[in-house]
Every structure is written in structure tokens, then in C-alpha cells.
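J.: To be precise about what I am sending: the file is called final39.txt and holds compact mmCIF, C-alpha atoms.
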# COMPACT_ATOMS: atom_id res chain seq x y z
CA MET A 284 170.08 12.82 49.50
CA SER A 285 170.75 15.73 47.14
CA PRO A 286 168.61 18.85 47.42
CA LEU A 287 165.92 19.47 44.83
CA SER A 288 166.85 21.61 41.89
CA ALA A 289 164.90 24.77 40.99
CA GLN A 290 163.34 22.95 38.03
CA ASP A 291 162.20 20.09 40.30
CA THR A 292 160.72 22.55 42.77
CA SER A 293 158.85 24.29 39.95
CA ASN A 294 157.44 20.99 38.74
CA ILE A 295 156.30 20.03 42.24
CA SER A 296 154.70 23.40 42.88
CA SER A 297 152.77 23.21 39.62
CA LEU A 298 150.85 20.11 40.60
CA MET A 299 147.89 19.72 42.94
CA ALA A 300 148.72 17.26 45.72
CA PRO A 301 146.46 14.20 46.01
CA THR A 302 145.22 15.36 49.42
CA PHE A 303 144.43 18.53 51.37
CA LEU A 304 145.03 18.94 55.09
CA LEU A 305 142.15 20.25 57.22
CA VAL A 306 142.31 21.82 60.67
CA GLY A 307 139.99 20.96 63.54
CA LEU A 308 138.49 23.29 66.10
CA PRO A 309 141.44 25.01 67.84
CA GLY A 310 141.67 23.98 71.47
CA LEU A 311 139.65 20.78 71.02
CA GLU A 312 142.18 18.68 69.12
CA ALA A 313 142.85 16.56 72.20
CA ALA A 314 139.19 15.60 72.59
CA PRO A 315 137.70 15.47 69.07
CA SER A 316 134.82 13.17 70.04
CA TRP A 317 133.47 15.80 72.46
CA TRP A 318 132.51 18.34 69.83
CA SER A 319 130.87 15.66 67.66
CA VAL A 320 127.88 15.74 70.05
CA PRO A 321 126.83 19.37 69.31
CA LEU A 322 127.58 18.84 65.61
CA ILE A 323 125.27 15.85 65.35
CA THR A 324 122.63 17.57 67.50
CA ILE A 325 122.68 20.70 65.32
CA TYR A 326 122.45 18.63 62.15
CA LEU A 327 119.56 16.48 63.40
CA PHE A 328 117.58 19.51 64.55
CA SER A 329 118.32 21.28 61.27
CA ALA A 330 117.20 18.27 59.22
CA PHE A 331 114.06 17.82 61.33
CA GLY A 332 113.11 21.51 61.24
CA ASN A 333 113.67 22.01 57.53
CA GLY A 334 112.12 18.63 56.78
CA THR A 335 108.99 19.76 58.62
CA ILE A 336 108.85 22.95 56.55
CA LEU A 337 109.27 20.98 53.31
CA TRP A 338 106.65 18.44 54.41
CA ILE A 339 103.98 20.98 55.38
CA ILE A 340 104.43 23.13 52.26
CA ALA A 341 104.30 20.08 49.98
CA LEU A 342 101.14 18.69 51.63
CA GLU A 343 99.10 21.87 52.13
CA PRO A 344 97.50 23.21 48.91
CA THR A 345 96.83 26.57 50.61
CA LEU A 346 100.59 27.06 50.96
CA HIS A 347 101.25 26.63 47.24
CA ARG A 348 101.90 30.34 46.81
CA PRO A 349 105.05 32.30 45.81
CA MET A 350 106.13 33.20 49.35
CA TYR A 351 105.95 29.58 50.52
CA PHE A 352 107.55 28.24 47.35
CA PHE A 353 110.59 30.41 48.08
CA LEU A 354 110.52 29.20 51.69
CA PHE A 355 110.53 25.63 50.31
CA LEU A 356 113.66 26.44 48.27
CA LEU A 357 115.26 28.05 51.32
CA SER A 358 114.77 24.86 53.32
CA VAL A 359 116.26 22.80 50.48
CA SER A 360 119.37 25.00 50.49
CA ASP A 361 119.62 24.82 54.29
CA VAL A 362 119.42 21.02 54.35
CA GLY A 363 121.90 20.76 51.48
CA LEU A 364 124.41 23.12 53.10
CA ALA A 365 124.29 21.39 56.50
CA THR A 366 124.57 17.95 54.86
CA VAL A 367 127.56 18.73 52.64
CA LEU A 368 129.53 20.09 55.62
CA MET A 369 129.08 17.01 57.78
CA PRO A 370 131.50 14.49 56.15
CA THR A 371 134.67 16.43 56.96
CA LEU A 372 133.38 17.81 60.28
CA LEU A 373 132.39 14.38 61.56
CA GLY A 374 135.53 12.81 60.10
CA LEU A 375 137.60 15.20 62.20
CA ALA A 376 135.41 14.68 65.27
CA PHE A 377 135.24 10.88 65.22
CA ALA A 378 138.42 9.75 63.46
CA ASP A 379 140.67 12.82 63.68
CA ALA A 380 140.83 12.58 59.86
CA HIS A 381 142.74 15.70 58.82
CA THR A 382 143.55 14.58 55.29
CA VAL A 383 140.92 14.65 52.56
CA PRO A 384 141.40 13.57 48.91
CA ALA A 385 141.69 16.50 46.52
CA SER A 386 138.74 15.23 44.44
CA ALA A 387 136.52 15.01 47.54
CA CYS A 388 137.67 18.44 48.68
CA LEU A 389 136.83 19.98 45.29
CA LEU A 390 133.42 18.28 45.33
CA GLN A 391 132.62 19.54 48.82
CA MET A 392 133.79 23.03 47.89
CA PHE A 393 131.54 23.04 44.84
CA PHE A 394 128.40 22.04 46.75
CA ILE A 395 129.12 24.37 49.68
CA HIS A 396 129.23 27.31 47.30
CA VAL A 397 126.26 26.09 45.25
CA PHE A 398 124.02 25.82 48.33
CA SER A 399 125.38 29.07 49.81
CA VAL A 400 124.66 30.99 46.62
CA MET A 401 121.31 29.23 46.34
CA GLU A 402 120.40 30.46 49.83
CA SER A 403 121.55 33.97 49.00
CA SER A 404 119.57 33.93 45.73
CA VAL A 405 116.43 32.64 47.46
CA LEU A 406 116.70 35.32 50.16
CA LEU A 407 116.91 37.90 47.36
CA ALA A 408 113.85 36.40 45.64
CA MET A 409 111.95 36.47 48.95
CA ALA A 410 112.87 40.14 49.42
CA PHE A 411 111.53 40.87 45.93
CA ASP A 412 108.36 38.94 46.74
CA ARG A 413 107.78 40.95 49.95
CA ALA A 414 108.57 44.26 48.21
CA VAL A 415 105.99 43.59 45.50
CA ALA A 416 103.41 42.37 48.03
CA ILE A 417 103.72 45.50 50.19
CA CYS A 418 104.56 48.19 47.62
CA ARG A 419 102.23 46.95 44.85
CA PRO A 420 99.61 44.74 46.57
CA LEU A 421 97.03 45.14 43.81
CA HIS A 422 99.50 44.07 41.12
CA TYR A 423 100.99 41.21 43.13
CA PRO A 424 98.87 38.38 41.55
CA VAL A 425 99.63 39.73 38.08
CA LEU A 426 103.37 40.25 38.58
CA LEU A 427 104.15 37.01 40.42
CA THR A 428 102.32 34.40 38.39
CA ASN A 429 103.23 30.70 38.39
CA GLY A 430 105.13 31.23 35.15
CA VAL A 431 107.22 34.04 36.66
CA ILE A 432 107.96 31.93 39.75
CA ARG A 433 109.14 29.04 37.55
CA LYS A 434 111.44 31.41 35.65
CA ILE A 435 112.90 32.71 38.93
CA ALA A 436 113.53 29.12 40.09
CA VAL A 437 115.26 28.27 36.79
CA ALA A 438 117.35 31.45 37.04
CA ILE A 439 118.45 30.51 40.56
CA ALA A 440 119.44 27.01 39.43
CA PHE A 441 121.28 28.38 36.37
CA ARG A 442 123.13 30.92 38.49
CA CYS A 443 124.22 28.35 41.06
CA LEU A 444 125.34 25.65 38.63
CA SER A 445 126.65 27.42 35.53
CA LEU A 446 128.73 30.03 37.33
CA HIS A 447 130.18 27.62 39.87
CA LEU A 448 130.72 24.52 37.76
CA PRO A 449 134.05 25.87 36.43
CA LEU A 450 135.39 26.49 39.96
CA PRO A 451 136.58 22.95 40.79
CA ILE A 452 137.91 22.54 37.23
CA LEU A 453 139.96 25.74 37.48
CA LEU A 454 141.25 24.91 40.95
CA ALA A 455 142.28 21.42 39.82
CA ARG A 456 144.28 22.86 36.92
CA MET A 457 145.91 25.82 38.69
CA PRO A 458 149.57 25.70 39.80
CA TYR A 459 150.11 25.65 43.56
CA CYS A 460 153.07 27.30 45.25
CA ARG A 461 152.13 26.73 48.89
CA PRO A 462 151.55 23.62 51.00
CA GLN A 463 147.96 22.44 50.62
CA VAL A 464 146.98 23.09 54.23
CA LEU A 465 143.53 24.64 54.68
CA THR A 466 142.50 26.85 57.59
CA HIS A 467 139.02 25.37 58.12
CA SER A 468 137.41 22.02 58.84
CA TYR A 469 135.90 21.96 55.35
CA CYS A 470 136.93 22.97 51.84
CA LEU A 471 136.16 26.54 50.79
CA HIS A 472 137.09 28.28 47.57
CA PRO A 473 138.98 31.28 49.07
CA ASP A 474 140.92 28.91 51.30
CA MET A 475 141.98 26.76 48.34
CA ALA A 476 142.55 29.62 45.89
CA ARG A 477 145.00 31.40 48.24
CA LEU A 478 147.34 28.38 47.90
CA ALA A 479 147.64 28.89 44.14
CA CYS A 480 150.59 30.65 42.56
CA PRO A 481 150.15 34.44 42.17
CA GLU A 482 150.06 34.27 38.37
CA ALA A 483 147.16 31.78 38.33
CA TRP A 484 144.46 33.68 36.43
CA GLY A 485 141.82 31.12 37.40
CA ALA A 486 141.92 32.38 40.99
CA VAL A 487 140.79 35.82 39.79
CA TYR A 488 137.82 34.38 37.90
CA SER A 489 136.86 32.22 40.85
CA LEU A 490 136.98 35.14 43.27
CA VAL A 491 134.85 37.33 40.98
CA VAL A 492 132.23 34.58 40.66
CA VAL A 493 131.94 34.09 44.41
CA LEU A 494 131.88 37.80 45.27
CA SER A 495 129.41 38.65 42.51
CA ALA A 496 126.67 36.82 44.40
CA MET A 497 127.67 37.29 48.02
CA ALA A 498 128.30 41.05 47.63
CA LEU A 499 125.52 41.97 45.18
CA ASP A 500 122.65 40.08 46.81
CA PRO A 501 122.72 41.78 50.23
CA LEU A 502 122.83 45.20 48.57
CA LEU A 503 119.71 44.38 46.52
CA ILE A 504 117.98 42.87 49.56
CA PHE A 505 118.52 45.96 51.68
CA PHE A 506 117.46 48.13 48.74
CA SER A 507 114.20 46.15 48.66
CA TYR A 508 113.73 46.76 52.37
CA GLY A 509 114.31 50.45 51.77
CA LEU A 510 111.37 50.39 49.35
CA ILE A 511 109.32 48.41 51.88
CA GLY A 512 110.12 50.89 54.65
CA ARG A 513 109.09 53.82 52.46
CA ALA A 514 105.86 52.06 51.52
CA LEU A 515 105.05 51.36 55.18
CA GLN A 516 105.34 55.07 55.95
CA GLY A 517 102.26 55.60 53.83
CA VAL A 518 100.19 53.00 55.66
CA GLY A 519 97.44 54.66 57.70
CA SER A 520 97.49 53.32 61.25
CA ALA A 521 100.33 52.01 63.41
CA GLU A 522 98.47 48.70 63.70
CA ASP A 523 98.38 48.29 59.93
CA ARG A 524 102.09 49.09 59.72
CA TRP A 525 102.77 46.52 62.45
CA LYS A 526 100.83 43.80 60.62
CA ALA A 527 102.58 44.57 57.33
CA GLY A 528 105.98 44.63 59.03
CA GLN A 529 105.37 41.28 60.71
CA THR A 530 105.17 39.60 57.31
CA CYS A 531 108.83 40.62 56.76
CA ALA A 532 110.13 39.91 60.26
CA ALA A 533 111.04 36.25 59.68
CA HIS A 534 112.70 36.98 56.34
CA LEU A 535 114.70 39.92 57.67
CA SER A 536 115.85 37.78 60.62
CA ALA A 537 116.98 35.07 58.19
CA VAL A 538 118.85 37.66 56.09
CA LEU A 539 120.71 39.04 59.12
CA LEU A 540 121.47 35.54 60.38
CA PHE A 541 123.01 34.58 57.04
CA TYR A 542 124.92 37.74 56.11
CA ILE A 543 126.20 39.22 59.40
CA PRO A 544 128.65 36.36 60.18
CA MET A 545 129.76 36.32 56.54
CA ILE A 546 130.42 40.08 56.53
CA LEU A 547 132.28 39.85 59.85
CA LEU A 548 134.48 37.05 58.49
CA ALA A 549 135.21 39.07 55.35
CA LEU A 550 136.17 42.14 57.40
CA ILE A 551 138.37 40.09 59.72
CA ASP A 552 140.22 38.52 56.76
CA ARG A 553 140.44 41.78 54.82
CA PHE A 554 141.84 43.95 57.64
CA LYS A 555 143.77 41.13 59.38
CA LEU A 556 142.01 41.79 62.69
CA PRO A 557 143.62 40.04 65.68
CA LEU A 558 140.92 37.49 66.41
CA PRO A 559 141.86 34.30 68.31
CA PRO A 560 141.74 31.19 66.05
CA PRO A 561 138.95 29.50 68.09
CA ALA A 562 136.75 32.60 67.75
CA HIS A 563 137.39 32.80 63.98
CA THR A 564 136.57 29.11 63.54
CA LEU A 565 133.41 29.34 65.66
CA LEU A 566 132.25 32.36 63.64
CA SER A 567 132.61 30.36 60.43
CA TYR A 568 130.58 27.54 62.00
CA VAL A 569 127.91 30.07 62.98
CA HIS A 570 127.75 31.32 59.39
CA PHE A 571 127.21 27.88 57.90
CA LEU A 572 125.36 25.94 60.62
CA LEU A 573 123.20 28.47 62.47
CA PRO A 574 120.88 29.50 59.57
CA PRO A 575 119.83 25.87 58.81
CA LEU A 576 119.14 25.43 62.53
CA MET A 577 117.28 28.69 63.17
CA ASN A 578 115.41 29.41 59.92
CA PRO A 579 112.70 26.75 60.53
CA VAL A 580 112.19 28.13 64.04
CA LEU A 581 111.95 31.71 62.79
CA TYR A 582 109.41 30.88 60.10
CA SER A 583 107.37 28.61 62.34
CA VAL A 584 107.15 31.25 65.06
CA LYS A 585 106.75 34.37 62.92
CA MET A 586 104.45 33.01 60.19
CA LYS A 587 101.07 32.19 61.67
CA GLU A 588 99.90 30.18 58.68
CA ILE A 589 102.89 27.84 58.78
CA ARG A 590 102.49 27.35 62.52
CA GLU A 591 98.76 26.64 62.27
CA LYS A 592 99.18 24.16 59.41
CA ILE A 593 101.86 22.25 61.34
CA LEU A 594 99.67 22.09 64.45
CA LYS A 595 96.69 21.05 62.35
CA ARG A 596 98.64 18.12 60.91
CA LEU A 597 100.16 17.09 64.23
CA LEU A 598 97.11 17.72 66.45
CA PRO A 599 94.10 17.47 64.12
CA THR A 600 91.53 16.77 66.82
CA LYS A 601 92.54 19.58 69.18
CA VAL A 602 92.82 22.15 66.41
CA GLY A 603 89.45 21.08 65.02
CA CYS A 604 87.79 21.45 68.43
CA ALA A 605 89.34 24.86 68.92
Let me see the structure of the file written as C-alpha cells.

T.:
Amino acid sequence: MSPLSAQDTSNISSLMAPTFLLVGLPGLEAAPSWWSVPLITIYLFSAFGNGTILWIIALEPTLHRPMYFFLFLLSVSDVGLATVLMPTLLGLAFADAHTVPASACLLQMFFIHVFSVMESSVLLAMAFDRAVAICRPLHYPVLLTNGVIRKIAVAIAFRCLSLHLPLPILLARMPYCRPQVLTHSYCLHPDMARLACPEAWGAVYSLVVVLSAMALDPLLIFFSYGLIGRALQGVGSAEDRWKAGQTCAAHLSAVLLFYIPMILLALIDRFKLPLPPPAHTLLSYVHFLLPPLMNPVLYSVKMKEIREKILKRLLPTKVGCA
């Protein structure tokens, strides 16, 4: 067989292959069915916990307020993110299916980023809600009306869909100069874009779109908490400061849970830190799967009203007697 000419190689490199190749969890390739058990367990607990939050907020009229509406959206994003990850993760675990069609990979990539940016946007909206409630309590009902909340929800949806809809289109049309082997068990934009040829301008647009949300949002969130911290300094007693701070504890925990693994992954990739492949893969799983699992627990434990409403629905007689 004669070797390929330079022109043939150029033509091959300019086309997206019909499939991408995924990697499993390093060290567990020999026993893929073993790690399907924690995956399914995490997903079921995530779905149950977030489903409970969605159920109680939808049913309780007293929870139809801005803070709980944003919590409702957060649970939607958590369920969506955990669900869209499962097809490739379980395919690897049960069937050792390393190949995924390019169209399916692009679709998964799109929804992973949509739900990730939705979660980031909702966390930012919740930080704004808490900042207004603590810094301007008397103006809170006037500033965060139902109309304003609807506009924020529309802005979040517009941001997630309009900015990210071009991503799979651009990636499908870009020339590829490297083998289409991904470094994760699911399809992510940076992972796919790095396979494109250096002159592919679409990769630059895609990177700017992703970083514009994931870099800007945490800065604005921590700026909001700076305002909250300054406002709490003016609160009279330590007990009052404690009560006001408790209203932010669950949200701040959710923020740290979502952003710390993401920032660590970005630093590791940026500075090429020598992290073992299993540790890098586990950190990426923590970033995507731990917030959907832990957020319902955090909000149920830290927010008394949520906890009481759940107990009232589940144990109506005992709560009524108490």
C-alpha cells in the first residue's frame, strides 16, 4: 500500500471523524462494572434530593419567593447536569463503550456546558438576591419583584442557549489535525477544541464564550459577598450577625463546592502540574457530580424553612402535634 500524499493527509485532517474515543477511569479499566455502582448511587441520590427540593418548592405557596425560585432553578440545573453525564459514564462502566458518535458527543458537550453555565448563572443570581436582602432589606420587596425575577430567569436562559448554541456548530465545521481521542469519560468543549488545527478561529470564539461565564461569575459572586461582609459589620449584636450570616451559609457552601474543583482543574491544566491521571479524572468527577449530590443536603440542613416544609409534608401528624 502506498503512503498517503500530503494532499490526502490535509484532506483527512480537515474532516471530523464520525466518532470520538473516550477514556475510562484510569486504573479501573479491567473492572468497569465495579465503578458503575457508585455512579448509579450518586445519580439516584442526586435525582431524589433535587426532586424533593423541586417538589416542595412547587407545592408550598409560602416558598414562592425569589430566594426559593432561584433554588428551584439550581435544582433543575443540577438534575440536568447529572443526567446528561450518565449516558457515556454508564456506557463505559457497563459495556466498556469507548467510542461515541460525533453527533452524540457534540450534543452532550452542548448540554453539559448549558447546564454548567446555568448553575453558575443561578449561583450569581442567588448571590445578588442575598446581597440585596442583607444590604438593602427595606428595598428588597421593591427591587426584586416578580417582574424582575422573570427577567432574570429569561436572561439566564438567553445566556445559556444563545451563547452556547454556536459551539457544536463551530466544532463540527472546524478542521482537526489530531486524533479525536478525548481525555475524559464525557465530551467537553476544551477537550474537543484542543484537537482542532491551530488556525481554526472557531476554537478562539468557543474558548471566550466558555471562559466569559466561568471566570466572570465567581468574581461577581465574591464581590457580592464582600458587600455582604461589610454590611454585616454594621449589624449590632453578634447574634444578629450570626442569624444574617446563616442565610448565606448554604449558598456560599454551594459556590465553593462548584468553583473550587473547577479552579483547581484550570490551574492544573494551565501550569501542567504533575497530577496522576486517576486524581485528575476523580477531580473532574467531583466538579460535575458532587454539587448535584450535596446541594439538596446543604439547603435542607441550612435552610430551616425548607427542612420544616419537607418534614411537614412527610410527617404531617407529628409536625402538627409538635

J.: Hey, what's within 6 Å of A:Leu389 if we count all atoms listed in the file and toss same-chain stuff fewer than 3 positions away? As a short mmCIF file (atom, residue, chain, number, x, y, z; two decimals) with C-alpha atoms, in the frame of the given file, please?

T.:
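Final output, saved to out.cif:
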data_model
loop_
_atom_site.label_atom_id
_atom_site.label_comp_id
_atom_site.auth_asym_id
_atom_site.auth_seq_id
_atom_site.Cartn_x
_atom_site.Cartn_y
_atom_site.Cartn_z
CA SER A 386 138.74 15.23 44.44
CA MET A 392 133.79 23.03 47.89
CA PRO A 451 136.58 22.95 40.79
#

J.: Could you tell me how far atom CA of A:Ala376 lies from atom CA of A:Asp552, in Å and to one decimal?

T.: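 It comes out at 25.8 Å.
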
J.: Can you tell me, as a CSV table (one decimal) with C-alpha atoms, in the frame of the given file, what residues are no more than 9 Å from stretch 353-357 of chain A when counting all atoms listed in the file, ignoring any on the same chain fewer than 2 positions away?

T.:
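Saved to result_38.csv:
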chain,number,residue,atom,x,y,z
A,333,ASN,CA,113.7,22.0,57.5
A,336,ILE,CA,108.8,23.0,56.6
A,337,LEU,CA,109.3,21.0,53.3
A,340,ILE,CA,104.4,23.1,52.3
A,341,ALA,CA,104.3,20.1,50.0
A,348,ARG,CA,101.9,30.3,46.8
A,349,PRO,CA,105.0,32.3,45.8
A,350,MET,CA,106.1,33.2,49.4
A,351,TYR,CA,106.0,29.6,50.5
A,359,VAL,CA,116.3,22.8,50.5
A,360,SER,CA,119.4,25.0,50.5
A,361,ASP,CA,119.6,24.8,54.3
A,362,VAL,CA,119.4,21.0,54.4
A,401,MET,CA,121.3,29.2,46.3
A,402,GLU,CA,120.4,30.5,49.8
A,403,SER,CA,121.6,34.0,49.0
A,405,VAL,CA,116.4,32.6,47.5
A,406,LEU,CA,116.7,35.3,50.2
A,408,ALA,CA,113.8,36.4,45.6
A,409,MET,CA,112.0,36.5,49.0
A,412,ASP,CA,108.4,38.9,46.7
A,432,ILE,CA,108.0,31.9,39.8
A,436,ALA,CA,113.5,29.1,40.1
A,578,ASN,CA,115.4,29.4,59.9
A,582,TYR,CA,109.4,30.9,60.1

J.: In Å to one decimal, how far is atom CA of A:Leu375 from atom CA of A:Leu566?

T.: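 Between atom CA of A:Leu566 and atom CA of A:Leu375 the gap is 18.0 Å.
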
J.: Quick one: residues within 12 Å of A:Leu448, all atoms listed in the file, excluding same-chain residues fewer than 5 positions away - as an NGL selection string?

T.: :A and (389-390 or 392-394 or 396-397 or 440-443 or 453-454 or 489 or 492-493)

J.: Could you state the separation of atom CA of A:Val367 and atom CA of A:Cys470 in Å, given to one decimal place?

T.: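 Atom-to-atom, atom CA of A:Val367 to atom CA of A:Cys470, that is 10.3 Å.
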
J.: Find the spatial neighbours of A:Tyr326, counting all atoms listed in the file, within a cut-off of 12 Å - ignore same-chain residues fewer than 5 positions away - and output them as a VMD selection string.

T.: chain A and resid 319 to 321 331 to 334 361 to 370 372 to 373 571 to 577

J.: I need the residue nearest A:Pro449 from this list: A:His472, A:Asn429, A:Val383, A:Arg590. Use only C-alpha atoms for the distance.

T.: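 Closest to A:Pro449 of all the choices is A:His472.
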
J.: Between A:Arg413, A:Arg461, A:Arg596, A:His563, single out the one closest to A:Leu510, counting all atoms listed in the file.

T.: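 The closest residue to A:Leu510 is A:Arg413.
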
J.: Using all atoms listed in the file, can you tell me which of A:Ala476, A:Ser583, A:Ser399, A:Leu502 comes closest to A:Pro458?

T.: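 Nearest to A:Pro458: A:Ala476.
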
J.: For A:Tyr568, which residue out of A:Phe377, A:Trp525, A:Phe328, A:Tyr469 is the nearest one, using only C-alpha atoms?

T.: A:Tyr469

J.: Could you give me, as a PyMOL selection string, the residues within 12 Å of A:Ala549, counting only C-alpha atoms and dropping anything in the same chain fewer than 2 positions from it?

T.: chain A and resi 473+494+497-498+542-547+551-556+563+566-567+570

J.: Any chance you can output those residues with C-alpha atoms as a PDB file, in the coordinates of the input?

T.:
ATOM      1  CA  PRO A 473     138.980  31.280  49.070  1.00  0.00           C
ATOM      2  CA  LEU A 494     131.880  37.800  45.270  1.00  0.00           C
ATOM      3  CA  MET A 497     127.670  37.290  48.020  1.00  0.00           C
ATOM      4  CA  ALA A 498     128.300  41.050  47.630  1.00  0.00           C
ATOM      5  CA  TYR A 542     124.920  37.740  56.110  1.00  0.00           C
ATOM      6  CA  ILE A 543     126.200  39.220  59.400  1.00  0.00           C
ATOM      7  CA  PRO A 544     128.650  36.360  60.180  1.00  0.00           C
ATOM      8  CA  MET A 545     129.760  36.320  56.540  1.00  0.00           C
ATOM      9  CA  ILE A 546     130.420  40.080  56.530  1.00  0.00           C
ATOM     10  CA  LEU A 547     132.280  39.850  59.850  1.00  0.00           C
ATOM     11  CA  ILE A 551     138.370  40.090  59.720  1.00  0.00           C
ATOM     12  CA  ASP A 552     140.220  38.520  56.760  1.00  0.00           C
ATOM     13  CA  ARG A 553     140.440  41.780  54.820  1.00  0.00           C
ATOM     14  CA  PHE A 554     141.840  43.950  57.640  1.00  0.00           C
ATOM     15  CA  LYS A 555     143.770  41.130  59.380  1.00  0.00           C
ATOM     16  CA  LEU A 556     142.010  41.790  62.690  1.00  0.00           C
ATOM     17  CA  HIS A 563     137.390  32.800  63.980  1.00  0.00           C
ATOM     18  CA  LEU A 566     132.250  32.360  63.640  1.00  0.00           C
ATOM     19  CA  SER A 567     132.610  30.360  60.430  1.00  0.00           C
ATOM     20  CA  HIS A 570     127.750  31.320  59.390  1.00  0.00           C
TER      21      HIS A 570
END

J.: My list of candidates is A:Leu342, A:Ala330, A:Val306, A:Leu550. Which is closest to A:Gly374 when distances are computed with all atoms listed in the file?

T.: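 Ranking A:Leu342, A:Ala330, A:Val306, A:Leu550 by distance to A:Gly374, first place goes to A:Val306.
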